[in-house]
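Here's the structure, in C-alpha cells; my notes come after.
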Amino acid sequence: VQLQASGGGSVQAGGSVRLSCKATGINFSIYTLAWYRQAPGKERELVANITSSGQGNYEDSVQGRFTISRDNARRTVSLQMYSLKAEDTAVYYCNVGARGRQFWGRGTQVTVSS
C-alpha cells in the first residue's frame, strides 16, 4: 500500500489550500480514508475522514471550513481547506486502515501565517 500526498505550502490566514492523496495497492473504494495533522509539539490528530459511502466527518475546529472528498476512479482523497487559521499550521497526513494495519502518507506541510 502506498499513499502519495500532494499540495500544501504556505498561505496567509484566511486563504485556502487543497491537499490530495493517491492510494495504490488497496481496493480503494471499500475503505474509509482520513486526513490527520500534527503540529509542532503536539500529538497527531484526526482532521477528517470519509467513509466508503462518501460520508464526511470532521474534527470540531475544522467543521464548516474543510471539505473532504474522494474520487474512487482516480483512487484519490482530497482535503479542501478554506478560511485557514494560524492554528491549522501542521504536517498533514493521509491515512487508511486496511488489512489490520494503518497506512500513512509521507506528510505535507501546511503553514498559515497571520
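Convention: chains lettered A, B, ... in C-alpha cells order; per-chain residue numbering from 1; ligands numbered from 1 as shown.
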
(request) Might you pull out every residue within 10 Å of stretch 70-80 of chain A, with only C-alpha atoms counted and same-chain residues fewer than 6 positions away left off, and present them as number ranges by chain? (result) A: 3-7, 16-24, 26-30, 32-35, 47-56, 92, 94-95

Write the residues you've just listed into a file as a PDB file, in the first residue's frame, and include C-alpha atoms for each of them.
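Heads up, here's the output in again_30.pdb:
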ATOM      1  CA  LEU A   3      -0.199   6.804  -0.176  1.00  0.00           C
ATOM      2  CA  GLN A   4       1.243   9.744  -2.075  1.00  0.00           C
ATOM      3  CA  ALA A   5       0.168  13.177  -0.899  1.00  0.00           C
ATOM      4  CA  SER A   6       0.472  16.443  -2.764  1.00  0.00           C
ATOM      5  CA  GLY A   7      -0.486  20.044  -2.194  1.00  0.00           C
ATOM      6  CA  SER A  16      -7.236  28.216   1.098  1.00  0.00           C
ATOM      7  CA  VAL A  17      -5.220  25.131   0.270  1.00  0.00           C
ATOM      8  CA  ARG A  18      -6.111  21.820  -1.313  1.00  0.00           C
ATOM      9  CA  LEU A  19      -4.416  18.557  -0.407  1.00  0.00           C
ATOM     10  CA  SER A  20      -4.683  15.371  -2.433  1.00  0.00           C
ATOM     11  CA  CYS A  21      -3.576  11.820  -1.757  1.00  0.00           C
ATOM     12  CA  LYS A  22      -3.443   8.966  -4.218  1.00  0.00           C
ATOM     13  CA  ALA A  23      -3.590   5.429  -2.895  1.00  0.00           C
ATOM     14  CA  THR A  24      -2.308   2.332  -4.619  1.00  0.00           C
ATOM     15  CA  ILE A  26      -5.651  -1.478  -1.994  1.00  0.00           C
ATOM     16  CA  ASN A  27      -9.232  -1.906  -3.107  1.00  0.00           C
ATOM     17  CA  PHE A  28      -9.659   1.825  -2.681  1.00  0.00           C
ATOM     18  CA  SER A  29     -13.430   2.139  -2.848  1.00  0.00           C
ATOM     19  CA  ILE A  30     -14.240  -0.028   0.172  1.00  0.00           C
ATOM     20  CA  THR A  32     -12.639   4.806   4.992  1.00  0.00           C
ATOM     21  CA  LEU A  33      -9.934   7.340   4.252  1.00  0.00           C
ATOM     22  CA  ALA A  34      -8.703  10.052   6.541  1.00  0.00           C
ATOM     23  CA  TRP A  35      -6.552  13.114   6.934  1.00  0.00           C
ATOM     24  CA  VAL A  47      -8.884  16.178  10.956  1.00  0.00           C
ATOM     25  CA  ALA A  48     -11.500  14.469   8.815  1.00  0.00           C
ATOM     26  CA  ASN A  49     -12.451  11.127   7.390  1.00  0.00           C
ATOM     27  CA  ILE A  50     -14.714   9.921   4.625  1.00  0.00           C
ATOM     28  CA  THR A  51     -16.469   6.583   4.557  1.00  0.00           C
ATOM     29  CA  SER A  52     -16.823   4.266   1.593  1.00  0.00           C
ATOM     30  CA  SER A  53     -20.301   5.707   1.036  1.00  0.00           C
ATOM     31  CA  GLY A  54     -18.948   9.236   0.925  1.00  0.00           C
ATOM     32  CA  GLN A  55     -19.971  10.417   4.389  1.00  0.00           C
ATOM     33  CA  GLY A  56     -17.538  13.017   5.694  1.00  0.00           C
ATOM     34  CA  TYR A  92      -0.916  16.785   7.184  1.00  0.00           C
ATOM     35  CA  CYS A  94      -3.402  10.903   4.630  1.00  0.00           C
ATOM     36  CA  ASN A  95      -4.328   7.598   6.192  1.00  0.00           C
TER      37      ASN A  95
END

(request) Please report, as a list in words, each residue of stretch 28-108 of chain A to which DSSP assigns helix (DSSP H, G or I) when run on this structure's backbone. (result) Phe28, Ser29, Ile30, Asp60, Ser61, Val62, Ala86, Glu87 and Asp88 of chain A

(request) Any chance you could list, as number ranges by chain, the residues in chain A that come up strand (DSSP E or B) when DSSP is run on the backbone? (result) A: 2-7, 9-12, 17-24, 33-38, 45-50, 56-58, 66-71, 76-81, 90-98, 101-104, 108-113

(request) Figure out the distance between atom CA of A:Leu46 and atom CA of A:Gly14, please, to one decimal in Å. (result)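 Value for the atom CA of A:Gly14-atom CA of A:Leu46 distance: 21.5 Å.
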
(message) Taking 4 positions as the minimum chain separation for residues in the same chain, which residues sit within 12 Å of A:Ser83 when counting only C-alpha atoms? Answer as an NGL selection string.
(response) :A and (11-18 or 61-67 or 87-88 or 112 or 114)

Please produce a file of the residues just selected, as a PDB file, in the first residue's frame, where the atoms kept are N, CA, C and O atoms.
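The new file out_10.pdb reads:
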ATOM      1  N   VAL A  11       0.521  29.833   3.169  1.00  0.00           N
ATOM      2  CA  VAL A  11      -0.626  30.663   2.811  1.00  0.00           C
ATOM      3  C   VAL A  11      -0.889  31.633   3.946  1.00  0.00           C
ATOM      4  O   VAL A  11      -0.555  31.346   5.113  1.00  0.00           O
ATOM      5  N   GLN A  12      -1.477  32.746   3.623  1.00  0.00           N
ATOM      6  CA  GLN A  12      -1.847  33.705   4.654  1.00  0.00           C
ATOM      7  C   GLN A  12      -3.166  33.296   5.297  1.00  0.00           C
ATOM      8  O   GLN A  12      -3.991  32.592   4.683  1.00  0.00           O
ATOM      9  N   ALA A  13      -3.369  33.752   6.513  1.00  0.00           N
ATOM     10  CA  ALA A  13      -4.621  33.482   7.217  1.00  0.00           C
ATOM     11  C   ALA A  13      -5.795  33.948   6.375  1.00  0.00           C
ATOM     12  O   ALA A  13      -5.742  35.012   5.751  1.00  0.00           O
ATOM     13  N   GLY A  14      -6.818  33.108   6.342  1.00  0.00           N
ATOM     14  CA  GLY A  14      -7.980  33.390   5.523  1.00  0.00           C
ATOM     15  C   GLY A  14      -7.926  32.779   4.147  1.00  0.00           C
ATOM     16  O   GLY A  14      -8.934  32.765   3.429  1.00  0.00           O
ATOM     17  N   GLY A  15      -6.758  32.267   3.787  1.00  0.00           N
ATOM     18  CA  GLY A  15      -6.588  31.675   2.476  1.00  0.00           C
ATOM     19  C   GLY A  15      -7.058  30.238   2.424  1.00  0.00           C
ATOM     20  O   GLY A  15      -7.632  29.706   3.378  1.00  0.00           O
ATOM     21  N   SER A  16      -6.796  29.593   1.291  1.00  0.00           N
ATOM     22  CA  SER A  16      -7.236  28.216   1.098  1.00  0.00           C
ATOM     23  C   SER A  16      -6.116  27.383   0.500  1.00  0.00           C
ATOM     24  O   SER A  16      -5.224  27.899  -0.180  1.00  0.00           O
ATOM     25  N   VAL A  17      -6.185  26.112   0.773  1.00  0.00           N
ATOM     26  CA  VAL A  17      -5.220  25.131   0.270  1.00  0.00           C
ATOM     27  C   VAL A  17      -5.967  23.836   0.008  1.00  0.00           C
ATOM     28  O   VAL A  17      -6.899  23.486   0.736  1.00  0.00           O
ATOM     29  N   ARG A  18      -5.531  23.124  -1.009  1.00  0.00           N
ATOM     30  CA  ARG A  18      -6.111  21.820  -1.313  1.00  0.00           C
ATOM     31  C   ARG A  18      -5.025  20.759  -1.240  1.00  0.00           C
ATOM     32  O   ARG A  18      -3.959  20.901  -1.842  1.00  0.00           O
ATOM     33  N   SER A  61     -12.940  21.764  15.192  1.00  0.00           N
ATOM     34  CA  SER A  61     -12.310  23.044  14.848  1.00  0.00           C
ATOM     35  C   SER A  61     -12.261  23.316  13.346  1.00  0.00           C
ATOM     36  O   SER A  61     -12.015  24.456  12.926  1.00  0.00           O
ATOM     37  N   VAL A  62     -12.486  22.289  12.526  1.00  0.00           N
ATOM     38  CA  VAL A  62     -12.429  22.487  11.073  1.00  0.00           C
ATOM     39  C   VAL A  62     -13.800  22.373  10.426  1.00  0.00           C
ATOM     40  O   VAL A  62     -13.938  22.631   9.227  1.00  0.00           O
ATOM     41  N   GLN A  63     -14.795  21.978  11.222  1.00  0.00           N
ATOM     42  CA  GLN A  63     -16.151  21.846  10.685  1.00  0.00           C
ATOM     43  C   GLN A  63     -16.577  23.159  10.027  1.00  0.00           C
ATOM     44  O   GLN A  63     -16.465  24.229  10.618  1.00  0.00           O
ATOM     45  N   GLY A  64     -17.067  23.064   8.803  1.00  0.00           N
ATOM     46  CA  GLY A  64     -17.520  24.244   8.089  1.00  0.00           C
ATOM     47  C   GLY A  64     -16.432  24.967   7.315  1.00  0.00           C
ATOM     48  O   GLY A  64     -16.724  25.851   6.505  1.00  0.00           O
ATOM     49  N   ARG A  65     -15.180  24.598   7.573  1.00  0.00           N
ATOM     50  CA  ARG A  65     -14.067  25.243   6.846  1.00  0.00           C
ATOM     51  C   ARG A  65     -13.351  24.274   5.910  1.00  0.00           C
ATOM     52  O   ARG A  65     -12.793  24.692   4.897  1.00  0.00           O
ATOM     53  N   PHE A  66     -13.351  23.001   6.277  1.00  0.00           N
ATOM     54  CA  PHE A  66     -12.664  21.986   5.480  1.00  0.00           C
ATOM     55  C   PHE A  66     -13.702  21.058   4.845  1.00  0.00           C
ATOM     56  O   PHE A  66     -14.756  20.785   5.440  1.00  0.00           O
ATOM     57  N   THR A  67     -13.368  20.553   3.662  1.00  0.00           N
ATOM     58  CA  THR A  67     -14.222  19.571   2.993  1.00  0.00           C
ATOM     59  C   THR A  67     -13.364  18.423   2.505  1.00  0.00           C
ATOM     60  O   THR A  67     -12.392  18.627   1.770  1.00  0.00           O
ATOM     61  N   GLU A  87      -3.534  28.390  13.570  1.00  0.00           N
ATOM     62  CA  GLU A  87      -3.547  27.122  14.303  1.00  0.00           C
ATOM     63  C   GLU A  87      -3.768  25.902  13.413  1.00  0.00           C
ATOM     64  O   GLU A  87      -3.717  24.764  13.892  1.00  0.00           O
ATOM     65  N   ASP A  88      -4.013  26.114  12.125  1.00  0.00           N
ATOM     66  CA  ASP A  88      -4.084  24.991  11.189  1.00  0.00           C
ATOM     67  C   ASP A  88      -2.693  24.585  10.689  1.00  0.00           C
ATOM     68  O   ASP A  88      -2.558  23.588   9.974  1.00  0.00           O
ATOM     69  N   VAL A 112       0.366  28.434   7.846  1.00  0.00           N
ATOM     70  CA  VAL A 112      -0.552  29.564   7.741  1.00  0.00           C
ATOM     71  C   VAL A 112       0.027  30.721   8.542  1.00  0.00           C
ATOM     72  O   VAL A 112       0.238  30.597   9.752  1.00  0.00           O
ATOM     73  N   SER A 114      -0.173  34.570  10.016  1.00  0.00           N
ATOM     74  CA  SER A 114      -1.222  35.530  10.413  1.00  0.00           C
ATOM     75  C   SER A 114      -0.769  36.961  10.171  1.00  0.00           C
ATOM     76  O   SER A 114       0.371  37.208   9.802  1.00  0.00           O
TER      77      SER A 114
END

(request) Record the distance separating atom CA of A:Gly100 and atom CA of A:Asn57, expressed in Å with one decimal. (result) 21.6 Å

(message) Considering only C-alpha atoms, can you say which of A:Ser69, A:Gln102, A:Gln2, A:Gln38 comes closest to A:Thr89?
(response)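 Smallest distance to A:Thr89 is found for A:Gln38.
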
(message) Report as a ChimeraX atom specification all protein, DNA and RNA residues lying within 8 Å of A:Ser10, evaluated on only C-alpha atoms, omitting residues in the same chain fewer than 6 positions from it.
(response) /A:110-113

(request) Do a neighbour search on A:Arg44 at 10 Å with only C-alpha atoms, toss out local chain neighbours closer than 4 positions, and write the hits as a count of residues only. (result) 9
